$ cat target.pdb   # PDB, C-alpha atoms
ATOM      1  CA  MET A   1     -15.907  -7.604  12.830
ATOM      2  CA  ASN A   2     -13.919 -10.833  12.765
ATOM      3  CA  LEU A   3     -10.409 -10.224  11.379
ATOM      4  CA  GLN A   4     -10.065 -13.848  10.280
ATOM      5  CA  TYR A   5     -13.184 -13.482   8.143
ATOM      6  CA  LEU A   6     -11.899 -10.145   6.800
ATOM      7  CA  LYS A   7      -8.634 -11.817   5.789
ATOM      8  CA  ALA A   8     -10.543 -14.620   4.053
ATOM      9  CA  PHE A   9     -12.427 -12.016   2.024
ATOM     10  CA  TYR A  10      -9.273  -9.993   1.279
ATOM     11  CA  VAL A  11      -7.211 -12.958   0.070
ATOM     12  CA  THR A  12     -10.093 -14.208  -2.080
ATOM     13  CA  VAL A  13     -10.323 -10.854  -3.854
ATOM     14  CA  ARG A  14      -6.552 -10.538  -4.198
ATOM     15  CA  LEU A  15      -6.255 -13.994  -5.809
ATOM     16  CA  ASN A  16      -9.593 -13.678  -7.653
ATOM     17  CA  SER A  17     -10.339 -17.292  -6.830
ATOM     18  CA  ILE A  18     -12.134 -19.173  -4.045
ATOM     19  CA  SER A  19     -10.040 -22.296  -4.656
ATOM     20  CA  LYS A  20      -6.680 -20.470  -4.668
ATOM     21  CA  ALA A  21      -7.585 -18.479  -1.561
ATOM     22  CA  ALA A  22      -8.703 -21.607   0.271
ATOM     23  CA  LYS A  23      -5.392 -23.278  -0.542
ATOM     24  CA  GLU A  24      -3.341 -20.270   0.657
ATOM     25  CA  LEU A  25      -5.339 -20.001   3.889
ATOM     26  CA  HIS A  26      -5.339 -23.783   4.476
ATOM     27  CA  LEU A  27      -9.129 -23.959   4.413
ATOM     28  CA  THR A  28     -11.666 -25.999   2.513
ATOM     29  CA  GLN A  29     -13.609 -24.119  -0.138
ATOM     30  CA  PRO A  30     -16.902 -24.507   1.796
ATOM     31  CA  GLY A  31     -15.121 -23.304   4.949
ATOM     32  CA  LEU A  32     -13.796 -20.222   3.165
ATOM     33  CA  SER A  33     -17.192 -19.452   1.655
ATOM     34  CA  MET A  34     -18.764 -19.745   5.098
ATOM     35  CA  GLN A  35     -16.293 -17.198   6.537
ATOM     36  CA  ILE A  36     -17.056 -14.711   3.768
ATOM     37  CA  GLN A  37     -20.791 -15.226   4.259
ATOM     38  CA  SER A  38     -20.362 -14.660   8.013
ATOM     39  CA  LEU A  39     -18.542 -11.376   7.290
ATOM     40  CA  GLU A  40     -21.358 -10.315   4.964
ATOM     41  CA  LYS A  41     -23.882 -11.172   7.676
ATOM     42  CA  ASP A  42     -21.973  -9.136  10.279
ATOM     43  CA  LEU A  43     -21.733  -6.111   7.961
ATOM     44  CA  GLU A  44     -25.248  -6.617   6.536
ATOM     45  CA  VAL A  45     -24.058  -6.214   2.937
ATOM     46  CA  THR A  46     -23.174  -8.383  -0.056
ATOM     47  CA  LEU A  47     -19.442  -8.191  -0.750
ATOM     48  CA  LEU A  48     -18.853 -10.558  -3.682
ATOM     49  CA  THR A  49     -20.556 -12.014  -6.694
ATOM     50  CA  ARG A  50     -19.170 -15.058  -8.467
ATOM     51  CA  SER A  51     -18.632 -15.125 -12.219
ATOM     52  CA  ASN A  52     -16.829 -17.169 -14.849
ATOM     53  CA  ARG A  53     -13.863 -14.857 -14.392
ATOM     54  CA  GLY A  54     -13.625 -15.525 -10.658
ATOM     55  CA  VAL A  55     -15.114 -13.162  -8.095
ATOM     56  CA  GLU A  56     -16.286  -9.600  -8.538
ATOM     57  CA  LEU A  57     -16.577  -6.923  -5.888
ATOM     58  CA  THR A  58     -19.896  -5.252  -5.239
ATOM     59  CA  GLU A  59     -19.916  -1.532  -4.470
ATOM     60  CA  ALA A  60     -19.908  -2.357  -0.744
ATOM     61  CA  GLY A  61     -17.186  -4.940  -1.327
ATOM     62  CA  THR A  62     -14.934  -2.302  -2.913
ATOM     63  CA  VAL A  63     -15.242  -0.128   0.199
ATOM     64  CA  VAL A  64     -14.475  -3.020   2.543
ATOM     65  CA  PHE A  65     -11.548  -4.247   0.426
ATOM     66  CA  ASP A  66      -9.891  -0.809   0.520
ATOM     67  CA  TYR A  67     -10.117  -0.756   4.310
ATOM     68  CA  ALA A  68      -9.115  -4.414   4.656
ATOM     69  CA  ASN A  69      -5.643  -3.773   3.284
ATOM     70  CA  THR A  70      -4.977  -1.102   5.942
ATOM     71  CA  ILE A  71      -6.595  -3.043   8.798
ATOM     72  CA  LEU A  72      -4.712  -6.263   8.073
ATOM     73  CA  SER A  73      -1.443  -4.369   7.634
ATOM     74  CA  MET A  74      -1.934  -2.781  11.036
ATOM     75  CA  GLN A  75      -2.602  -6.196  12.556
ATOM     76  CA  ASP A  76       0.672  -7.482  11.103
ATOM     77  CA  ASN A  77       2.483  -4.396  12.366
ATOM     78  CA  ILE A  78       1.122  -4.834  15.894
ATOM     79  CA  GLU A  79       2.304  -8.435  15.954
ATOM     80  CA  ARG A  80       5.695  -7.386  14.558
ATOM     81  CA  ASP A  81       6.214  -4.628  17.133
ATOM     82  CA  LEU A  82       5.175  -6.847  20.049
ATOM     83  CA  LYS A  83       7.526  -9.574  18.850
ATOM     84  CA  ASN A  84      10.413  -7.087  18.631
ATOM     85  CA  LEU A  85       9.551  -5.762  22.087
ATOM     86  CA  LYS A  86       9.673  -9.226  23.609
ATOM     87  CA  SER A  87      12.973 -10.062  21.925
ATOM     88  CA  ASN A  88      14.434  -6.600  22.672
ATOM     89  CA  LYS A  89      15.259  -6.365  18.974
ATOM     90  CA  LYS A  90      16.615  -3.042  17.725
ATOM     91  CA  GLU A  91      15.055  -2.275  14.378
ATOM     92  CA  LEU A  92      14.677   0.780  12.174
ATOM     93  CA  LEU A  93      11.702   0.784   9.823
ATOM     94  CA  ILE A  94      12.378   3.554   7.321
ATOM     95  CA  GLY A  95      10.620   4.730   4.188
ATOM     96  CA  SER A  96      12.190   7.201   1.800
ATOM     97  CA  CYS A  97      11.228   9.236  -1.220
ATOM     98  CA  LYS A  98      13.058   8.140  -4.335
ATOM     99  CA  ALA A  99      15.154  11.297  -4.723
ATOM    100  CA  VAL A 100      16.963  10.429  -1.471
ATOM    101  CA  GLY A 101      16.376   6.687  -1.220
ATOM    102  CA  GLU A 102      17.826   5.781  -4.614
ATOM    103  CA  TYR A 103      21.022   7.778  -4.161
ATOM    104  CA  ALA A 104      21.897   9.390  -0.821
ATOM    105  CA  LEU A 105      20.349   7.135   1.820
ATOM    106  CA  PRO A 106      22.372   3.948   1.141
ATOM    107  CA  CYS A 107      25.587   5.834   1.964
ATOM    108  CA  SER A 108      24.021   7.250   5.119
ATOM    109  CA  ILE A 109      22.887   3.835   6.303
ATOM    110  CA  TYR A 110      26.384   2.475   5.754
ATOM    111  CA  ILE A 111      27.879   5.274   7.872
ATOM    112  CA  TYR A 112      25.210   4.911  10.568
ATOM    113  CA  LYS A 113      25.887   1.183  10.830
ATOM    114  CA  GLN A 114      29.542   1.858  11.685
ATOM    115  CA  ASP A 115      28.430   3.137  15.101
ATOM    116  CA  PHE A 116      25.176   1.189  15.457
ATOM    117  CA  GLY A 117      25.991  -2.235  14.112
ATOM    118  CA  ASP A 118      23.441  -3.959  16.349
ATOM    119  CA  VAL A 119      20.499  -2.100  14.766
ATOM    120  CA  ASP A 120      18.665  -3.911  11.955
ATOM    121  CA  ILE A 121      17.631  -1.474   9.232
ATOM    122  CA  ASN A 122      14.788  -2.095   6.821
ATOM    123  CA  PHE A 123      13.948   0.638   4.353
ATOM    124  CA  GLU A 124      11.724   0.832   1.333
ATOM    125  CA  ILE A 125      11.658   3.404  -1.440
ATOM    126  CA  SER A 126       8.454   4.957  -2.772
ATOM    127  CA  ASN A 127       7.097   8.388  -3.584
ATOM    128  CA  THR A 128       6.377  10.935  -0.867
ATOM    129  CA  ASN A 129       2.618  10.262  -0.775
ATOM    130  CA  ASP A 130       3.226   6.568  -0.156
ATOM    131  CA  VAL A 131       5.831   7.291   2.539
ATOM    132  CA  ILE A 132       3.209   9.310   4.426
ATOM    133  CA  LYS A 133       0.625   6.562   3.910
ATOM    134  CA  ASN A 134       3.039   3.954   5.273
ATOM    135  CA  LEU A 135       3.746   6.131   8.297
ATOM    136  CA  LEU A 136       0.058   6.489   9.061
ATOM    137  CA  ASP A 137      -0.660   2.760   8.790
ATOM    138  CA  ARG A 138       2.467   2.031  10.897
ATOM    139  CA  THR A 139       4.280   0.022   8.237
ATOM    140  CA  ILE A 140       7.249   2.313   8.935
ATOM    141  CA  ASN A 141       8.145   4.571  11.873
ATOM    142  CA  ILE A 142      10.464   7.061  10.146
ATOM    143  CA  GLY A 143      10.032   8.637   6.723
ATOM    144  CA  ILE A 144      12.185  10.835   4.526
ATOM    145  CA  ILE A 145      10.050  12.957   2.237
ATOM    146  CA  HIS A 146      10.494  15.461  -0.587
ATOM    147  CA  GLY A 147       8.772  18.678   0.455
ATOM    148  CA  ASN A 148       6.895  19.418   3.645
ATOM    149  CA  VAL A 149       3.383  18.166   4.394
ATOM    150  CA  ASN A 150       0.569  19.253   6.670
ATOM    151  CA  VAL A 151      -0.946  15.955   7.761
ATOM    152  CA  ALA A 152      -2.585  15.214  11.097
ATOM    153  CA  ASN A 153      -0.375  13.168  13.461
ATOM    154  CA  ILE A 154       2.718  13.639  11.279
ATOM    155  CA  LYS A 155       5.625  15.734  12.562
ATOM    156  CA  THR A 156       8.379  16.855  10.197
ATOM    157  CA  GLU A 157      11.870  18.291  10.626
ATOM    158  CA  LYS A 158      13.927  19.696   7.784
ATOM    159  CA  ILE A 159      17.029  17.728   6.760
ATOM    160  CA  THR A 160      18.485  19.637   3.826
ATOM    161  CA  SER A 161      17.846  21.621   0.659
ATOM    162  CA  ASP A 162      19.058  20.735  -2.806
ATOM    163  CA  ARG A 163      18.899  22.405  -6.212
ATOM    164  CA  LEU A 164      16.545  20.814  -8.706
ATOM    165  CA  LEU A 165      18.331  21.127 -12.037
ATOM    166  CA  LEU A 166      16.940  20.992 -15.545
ATOM    167  CA  VAL A 167      19.464  18.796 -17.357
ATOM    168  CA  THR A 168      20.153  17.296 -20.766
ATOM    169  CA  SER A 169      22.709  15.112 -22.485
ATOM    170  CA  LEU A 170      22.077  16.678 -25.879
ATOM    171  CA  PRO A 171      25.082  18.701 -27.111
ATOM    172  CA  LEU A 172      23.281  21.456 -29.021
ATOM    173  CA  MET A 173      21.104  22.822 -26.229
ATOM    174  CA  LYS A 174      21.521  26.468 -25.151
ATOM    175  CA  ASP A 175      22.973  27.078 -21.708
ATOM    176  CA  THR A 176      20.195  29.521 -20.774
ATOM    177  CA  ILE A 177      16.625  29.621 -22.071
ATOM    178  CA  THR A 178      13.481  31.693 -21.515
ATOM    179  CA  LEU A 179      10.319  30.401 -19.856
ATOM    180  CA  ASP A 180       8.596  30.310 -23.257
ATOM    181  CA  GLU A 181      11.418  28.172 -24.652
ATOM    182  CA  PHE A 182      11.213  25.956 -21.581
ATOM    183  CA  LYS A 183       7.526  25.198 -22.250
ATOM    184  CA  LYS A 184       8.446  23.737 -25.667
ATOM    185  CA  LEU A 185      11.145  21.317 -24.440
ATOM    186  CA  PRO A 186      10.446  17.534 -24.534
ATOM    187  CA  LEU A 187      10.219  16.908 -20.795
ATOM    188  CA  ILE A 188      10.265  13.724 -18.758
ATOM    189  CA  PHE A 189       8.519  14.145 -15.408
ATOM    190  CA  ARG A 190       8.059  12.254 -12.157
ATOM    191  CA  GLU A 191       4.548  11.023 -11.505
ATOM    192  CA  SER A 192       1.871  12.975  -9.665
ATOM    193  CA  GLY A 193       2.206  12.207  -5.954
ATOM    194  CA  SER A 194       5.972  12.498  -5.991
ATOM    195  CA  GLY A 195       7.716  15.320  -4.153
ATOM    196  CA  THR A 196       9.612  16.351  -7.280
ATOM    197  CA  HIS A 197       6.391  16.774  -9.263
ATOM    198  CA  GLN A 198       4.819  18.904  -6.518
ATOM    199  CA  THR A 199       7.958  21.027  -6.054
ATOM    200  CA  ILE A 200       8.081  21.916  -9.757
ATOM    201  CA  LYS A 201       4.343  22.593  -9.812
ATOM    202  CA  ASN A 202       4.660  24.997  -6.874
ATOM    203  CA  ALA A 203       7.686  26.768  -8.400
ATOM    204  CA  LEU A 204       5.799  27.449 -11.645
ATOM    205  CA  VAL A 205       2.768  29.060  -9.977
ATOM    206  CA  PRO A 206       4.325  32.574  -9.651
ATOM    207  CA  HIS A 207       5.055  32.459 -13.396
ATOM    208  CA  ASP A 208       1.427  31.562 -14.206
ATOM    209  CA  ILE A 209       2.531  28.259 -15.745
ATOM    210  CA  LYS A 210       0.651  25.033 -15.124
ATOM    211  CA  ILE A 211       1.977  21.515 -15.563
ATOM    212  CA  GLU A 212      -0.556  21.110 -18.368
ATOM    213  CA  ASN A 213       1.172  23.962 -20.273
ATOM    214  CA  LEU A 214       4.411  21.961 -20.538
ATOM    215  CA  ASN A 215       5.467  19.532 -23.267
ATOM    216  CA  ILE A 216       5.668  16.424 -21.075
ATOM    217  CA  ILE A 217       6.355  13.450 -23.324
ATOM    218  CA  TYR A 218       5.990  10.877 -20.541
ATOM    219  CA  GLU A 219       6.169  10.332 -16.782
ATOM    220  CA  LEU A 220       8.205   7.792 -14.826
ATOM    221  CA  ASN A 221       7.955   6.747 -11.175
ATOM    222  CA  SER A 222      11.712   6.357 -10.698
ATOM    223  CA  MET A 223      14.347   9.077 -10.653
ATOM    224  CA  GLU A 224      16.924   6.498 -11.729
ATOM    225  CA  ALA A 225      14.800   5.658 -14.786
ATOM    226  CA  ILE A 226      14.486   9.353 -15.596
ATOM    227  CA  LYS A 227      18.241   9.853 -15.305
ATOM    228  CA  THR A 228      18.857   6.897 -17.628
ATOM    229  CA  SER A 229      16.373   8.288 -20.148
ATOM    230  CA  VAL A 230      17.993  11.738 -20.110
ATOM    231  CA  LEU A 231      21.487  10.248 -20.437
ATOM    232  CA  SER A 232      20.359   8.330 -23.513
ATOM    233  CA  GLY A 233      18.952  11.501 -25.110
ATOM    234  CA  LYS A 234      15.269  10.592 -24.892
ATOM    235  CA  GLY A 235      14.247  13.828 -23.197
ATOM    236  CA  ILE A 236      15.057  16.570 -20.702
ATOM    237  CA  SER A 237      14.186  16.550 -17.033
ATOM    238  CA  PHE A 238      14.489  18.113 -13.598
ATOM    239  CA  ILE A 239      16.771  16.001 -11.386
ATOM    240  CA  PRO A 240      18.063  16.743  -7.851
ATOM    241  CA  GLU A 241      21.680  17.864  -7.945
ATOM    242  CA  LEU A 242      22.686  15.385  -5.218
ATOM    243  CA  SER A 243      21.805  12.487  -7.519
ATOM    244  CA  ILE A 244      23.785  13.643 -10.583
ATOM    245  CA  LYS A 245      26.996  15.138  -9.151
ATOM    246  CA  ARG A 246      29.162  12.603 -10.981
ATOM    247  CA  GLU A 247      27.374  12.991 -14.324
ATOM    248  CA  LEU A 248      27.681  16.784 -14.156
ATOM    249  CA  ARG A 249      31.360  16.586 -13.222
ATOM    250  CA  ASP A 250      32.147  14.125 -16.028
ATOM    251  CA  GLY A 251      30.194  16.124 -18.603
ATOM    252  CA  HIS A 252      27.594  13.427 -19.327
ATOM    253  CA  LEU A 253      24.849  15.835 -18.273
ATOM    254  CA  LYS A 254      24.726  19.612 -18.387
ATOM    255  CA  GLU A 255      22.417  22.099 -16.722
ATOM    256  CA  ILE A 256      20.019  24.247 -18.702
ATOM    257  CA  ARG A 257      19.328  27.458 -16.817
ATOM    258  CA  ILE A 258      15.870  29.013 -17.083
ATOM    259  CA  GLU A 259      15.711  32.800 -16.845
ATOM    260  CA  GLY A 260      13.947  33.831 -13.634
ATOM    261  CA  LEU A 261      13.407  30.284 -12.379
ATOM    262  CA  ASP A 262      15.447  28.588  -9.670
ATOM    263  CA  ILE A 263      13.960  25.510  -8.020
ATOM    264  CA  PHE A 264      15.096  24.101  -4.709
ATOM    265  CA  SER A 265      13.995  20.796  -3.237
ATOM    266  CA  GLU A 266      13.588  20.524   0.523
ATOM    267  CA  PHE A 267      13.798  17.169   2.268
ATOM    268  CA  PHE A 268      12.283  16.379   5.646
ATOM    269  CA  ILE A 269      12.381  13.614   8.225
ATOM    270  CA  ALA A 270       8.841  12.614   9.219
ATOM    271  CA  TYR A 271       7.376  10.511  12.009
ATOM    272  CA  ARG A 272       4.090  10.065  13.851
ATOM    273  CA  GLU A 273       3.428  12.370  16.785
ATOM    274  CA  ASP A 274       1.768   9.547  18.724
ATOM    275  CA  HIS A 275       4.754   7.208  18.277
ATOM    276  CA  SER A 276       7.192   6.960  21.178
ATOM    277  CA  LEU A 277      10.549   7.058  19.440
ATOM    278  CA  THR A 278      13.026   4.437  20.632
ATOM    279  CA  ILE A 279      16.570   5.418  21.540
ATOM    280  CA  HIS A 280      17.965   4.116  18.245
ATOM    281  CA  GLU A 281      15.232   5.910  16.264
ATOM    282  CA  LYS A 282      16.113   9.178  18.013
ATOM    283  CA  GLU A 283      19.784   8.573  17.278
ATOM    284  CA  PHE A 284      19.029   7.966  13.591
ATOM    285  CA  ILE A 285      16.991  11.164  13.333
ATOM    286  CA  LYS A 286      19.797  13.094  15.029
ATOM    287  CA  PHE A 287      22.314  11.491  12.661
ATOM    288  CA  ILE A 288      20.376  12.116   9.454
ATOM    289  CA  LYS A 289      19.974  15.811  10.372
ATOM    290  CA  SER A 290      23.717  16.203  11.009
ATOM    291  CA  SER A 291      26.632  16.795   8.664
ATOM    292  CA  LYS A 292      27.804  13.235   9.425
ATOM    293  CA  ARG A 293      25.037  11.698   7.315
ATOM    294  CA  GLY A 294      27.321  11.554   4.269
ATOM    295  CA  PHE A 295      24.763  11.979   1.482
ATOM    296  CA  CYS A 296      26.639  10.795  -1.609
TER
END
$ encode --input "target.pdb" --output "structure tokens"
Amino acid sequence: MNLQYLKAFYVTVRLNSISKAAKELHLTQPGLSMQIQSLEKDLEVTLLTRSNRGVELTEAGTVVFDYANTILSMQDNIERDLKNLKSNKKELLIGSCKAVGEYALPCSIYIYKQDFGDVDINFEISNTNDVIKNLLDRTINIGIIHGNVNVANIKTEKITSDRLLLVTSLPLMKDTITLDEFKKLPLIFRESGSGTHQTIKNALVPHDIKIENLNIIYELNSMEAIKTSVLSGKGISFIPELSIKRELRDGHLKEIRIEGLDIFSEFFIAYREDHSLTIHEKEFIKFIKSSKRGFC
């Protein structure tokens, strides 16, 4: 399969336009169409149909498009790693779950850079499922995830544990509630696929409570957005203690204890087993597991 032809197909679908894709790829429209037709010939399937709304994927085209994103990303990553190898560039490619990435990790990176100023650090924040996906397609080499995973070729090491607190800004809430009272609260949750969501789901299993039994008013894909919503009185939510130390201390948020239910989040460093860690990657892993990491 010709990767140039695959890219022509991928960009055409992404832009939903032969003319726009041809312009981005610096091709003529007939030249672009010929590359897509050649890809279809190689794969012996029809990938696209044209319509007044642009281009539409066939069933086979949907399958190829899903793979194209991963294949082309890996091609870019190979070129990136070879370029860094030739230039002897020291680079950390890190992905983090939002519970750590939005709060604790920036402080850690600042501290790490005091001793390793020559290392370029690039990190992106997403949910735990996406961190694992990015590890597997080699977009990143080190991940920080919420909860452990059992995924082929992924090795994990525990970093720390943290209490997951049910908190509110509303003044009339009781300090301690029963599980039945908990099920009636207007809750704001993280999205499915996040470590926080899975941790809560697992903690409720011994109590025979499912996520569907709760009064979840809406879900958000950002812990910062959830914290803002709770602070403004729009709902109640579980938030890692490390991310709300100041709000608890200043009285802007208060914990609601649930009888018989204590939830702890566990955070892990993750990397591919088939990846040869560089010296600076090993040093970062050692640092982030130590008390020097300075989670704030």
$ residues_around --input "target.pdb" --residues "stretch 286-290 of chain A" --least-positions-apart "3" --cutoff "9 Å" --atoms "only C-alpha atoms" --output "list in words"
Ser108, Tyr112, Glu157, Lys158, Ile159, Thr160, Ile269, Glu281, Lys282, Glu283, Arg293 and Gly294 of chain A
$ atom_distance --input "target.pdb" --atom1 "atom CA of A:Ile144" --atom2 "atom CA of A:Phe284"
11.7 Å
$ atom_distance --input "target.pdb" --atom1 "atom CA of A:Leu277" --atom2 "atom CA of A:Leu136"
14.8 Å
$ axis_aligned_box --input "target.pdb" --around "stretch 216-231 of chain A" --padding-each-side "4 Å" --output "AutoDock Vina command-line options"
--center_x 13.6 --center_y 11.0 --center_z -17.0 --size_x 23.8 --size_y 18.8 --size_z 20.7
$ closest_atom_pairs --input "target.pdb" --of "stretch 14-133 of chain A" --to "stretch 177-193 of chain A" --cutoff "12 Å" --atoms "all atoms listed in the file" --output "Markdown table"
| residue | atom | partner | partner_atom | distance |
| --- | --- | --- | --- | --- |
| A:Cys97 | CA | A:Gly193 | CA | 10.6 |
| A:Lys98 | CA | A:Arg190 | CA | 10.2 |
| A:Ala99 | CA | A:Arg190 | CA | 10.3 |
| A:Ser126 | CA | A:Gly193 | CA | 10.1 |
| A:Asn127 | CA | A:Gly193 | CA | 6.6 |
| A:Thr128 | CA | A:Gly193 | CA | 6.7 |
| A:Asn129 | CA | A:Gly193 | CA | 5.5 |
| A:Asp130 | CA | A:Gly193 | CA | 8.2 |
| A:Val131 | CA | A:Gly193 | CA | 10.5 |
| A:Ile132 | CA | A:Gly193 | CA | 10.8 |
| A:Lys133 | CA | A:Gly193 | CA | 11.5 |
$ closest_atom_pairs --input "target.pdb" --of "stretch 10-124 of chain A" --to "stretch 241-255 of chain A" --cutoff "9 Å" --atoms "all atoms listed in the file" --output "tab-separated table"
residue	atom	partner	partner_atom	distance
A:Ala99	CA	A:Ser243	CA	7.3
A:Val100	CA	A:Ser243	CA	8.0
A:Glu102	CA	A:Ser243	CA	8.3
A:Tyr103	CA	A:Ser243	CA	5.8
A:Ala104	CA	A:Ser243	CA	7.4
$ residues_around --input "target.pdb" --residues "A:Leu72" --least-positions-apart "4" --cutoff "10 Å" --atoms "all atoms listed in the file" --output "list in words"
Leu3, Gln4, Leu6, Lys7, Tyr10, Tyr67, Ala68, Asp76, Asn77, Ile78 and Asp137 of chain A
$ write_last_selection --input "target.pdb" --atoms "C-alpha atoms" --output "PDB file, in the coordinates of the input"
ATOM      1  CA  LEU A   3     -10.409 -10.224  11.379  1.00  0.00           C
ATOM      2  CA  GLN A   4     -10.065 -13.848  10.280  1.00  0.00           C
ATOM      3  CA  LEU A   6     -11.899 -10.145   6.800  1.00  0.00           C
ATOM      4  CA  LYS A   7      -8.634 -11.817   5.789  1.00  0.00           C
ATOM      5  CA  TYR A  10      -9.273  -9.993   1.279  1.00  0.00           C
ATOM      6  CA  TYR A  67     -10.117  -0.756   4.310  1.00  0.00           C
ATOM      7  CA  ALA A  68      -9.115  -4.414   4.656  1.00  0.00           C
ATOM      8  CA  ASP A  76       0.672  -7.482  11.103  1.00  0.00           C
ATOM      9  CA  ASN A  77       2.483  -4.396  12.366  1.00  0.00           C
ATOM     10  CA  ILE A  78       1.122  -4.834  15.894  1.00  0.00           C
ATOM     11  CA  ASP A 137      -0.660   2.760   8.790  1.00  0.00           C
TER      12      ASP A 137
END
$ closest_residue --input "target.pdb" --among "A:Asn134, A:Ser33, A:Gly61, A:Asn148" --to "A:Val45" --atoms "all atoms listed in the file"
A:Gly61
$ residues_around --input "target.pdb" --residues "A:Ile236" --least-positions-apart "4" --cutoff "10 Å" --atoms "only C-alpha atoms" --output "list in words"
Leu166, Val167, Thr168, Ser169, Leu170, Leu185, Pro186, Leu187, Ile188, Phe189, Ile216, Ile217, Ile226, Lys227, Ser229, Val230, Leu231 and Ile256 of chain A
$ write_last_selection --input "target.pdb" --atoms "C-alpha atoms" --output "mmCIF file, keeping the file's coordinate frame"
data_model
loop_
_atom_site.group_PDB
_atom_site.id
_atom_site.type_symbol
_atom_site.label_atom_id
_atom_site.label_comp_id
_atom_site.auth_asym_id
_atom_site.auth_seq_id
_atom_site.Cartn_x
_atom_site.Cartn_y
_atom_site.Cartn_z
ATOM 1 C CA LEU A 166 16.940 20.992 -15.545
ATOM 2 C CA VAL A 167 19.464 18.796 -17.357
ATOM 3 C CA THR A 168 20.153 17.296 -20.766
ATOM 4 C CA SER A 169 22.709 15.112 -22.485
ATOM 5 C CA LEU A 170 22.077 16.678 -25.879
ATOM 6 C CA LEU A 185 11.145 21.317 -24.440
ATOM 7 C CA PRO A 186 10.446 17.534 -24.534
ATOM 8 C CA LEU A 187 10.219 16.908 -20.795
ATOM 9 C CA ILE A 188 10.265 13.724 -18.758
ATOM 10 C CA PHE A 189 8.519 14.145 -15.408
ATOM 11 C CA ILE A 216 5.668 16.424 -21.075
ATOM 12 C CA ILE A 217 6.355 13.450 -23.324
ATOM 13 C CA ILE A 226 14.486 9.353 -15.596
ATOM 14 C CA LYS A 227 18.241 9.853 -15.305
ATOM 15 C CA SER A 229 16.373 8.288 -20.148
ATOM 16 C CA VAL A 230 17.993 11.738 -20.110
ATOM 17 C CA LEU A 231 21.487 10.248 -20.437
ATOM 18 C CA ILE A 256 20.019 24.247 -18.702
#
$ resolve_selection --input "target.pdb" --expression "the PyMOL selection byres ((chain A and resi 142) around 8)" --output "PyMOL selection string"
chain A and resi 92-95+135+140-141+143-144+269-272+281
$ atom_distance --input "target.pdb" --atom1 "atom CA of A:Leu164" --atom2 "atom CA of A:Tyr218"
18.7 Å
$ closest_residue --input "target.pdb" --among "A:Lys155, A:Arg138, A:Lys174, A:His197" --to "A:Pro240" --atoms "only C-alpha atoms"
A:His197
$ resolve_selection --input "target.pdb" --expression "the PyMOL selection byres ((chain A and resi 32) around 12)" --output "ChimeraX atom specification"
/A:4-12,17-31,33-39
$ closest_residue --input "target.pdb" --among "A:Lys292, A:His207, A:Lys201, A:Arg14" --to "A:Phe65" --atoms "all atoms listed in the file"
A:Arg14
$ residues_around --input "target.pdb" --residues "A:Thr46" --least-positions-apart "2" --cutoff "7 Å" --atoms "only C-alpha atoms" --output "PyMOL selection string"
chain A and resi 40+48+58+60
$ write_last_selection --input "target.pdb" --atoms "C-alpha atoms" --output "tab-separated table (two decimals), in the frame of the given file"
chain	number	residue	atom	x	y	z
A	40	GLU	CA	-21.36	-10.32	4.96
A	48	LEU	CA	-18.85	-10.56	-3.68
A	58	THR	CA	-19.90	-5.25	-5.24
A	60	ALA	CA	-19.91	-2.36	-0.74
$ closest_residue --input "target.pdb" --among "A:Gly54, A:Gly101, A:Gly117, A:Gly235" --to "A:Phe295" --atoms "all atoms listed in the file"
A:Gly101
$ closest_residue --input "target.pdb" --among "A:Leu47, A:Val64, A:Ile263, A:Leu220" --to "A:Asn202" --atoms "all atoms listed in the file"
A:Ile263
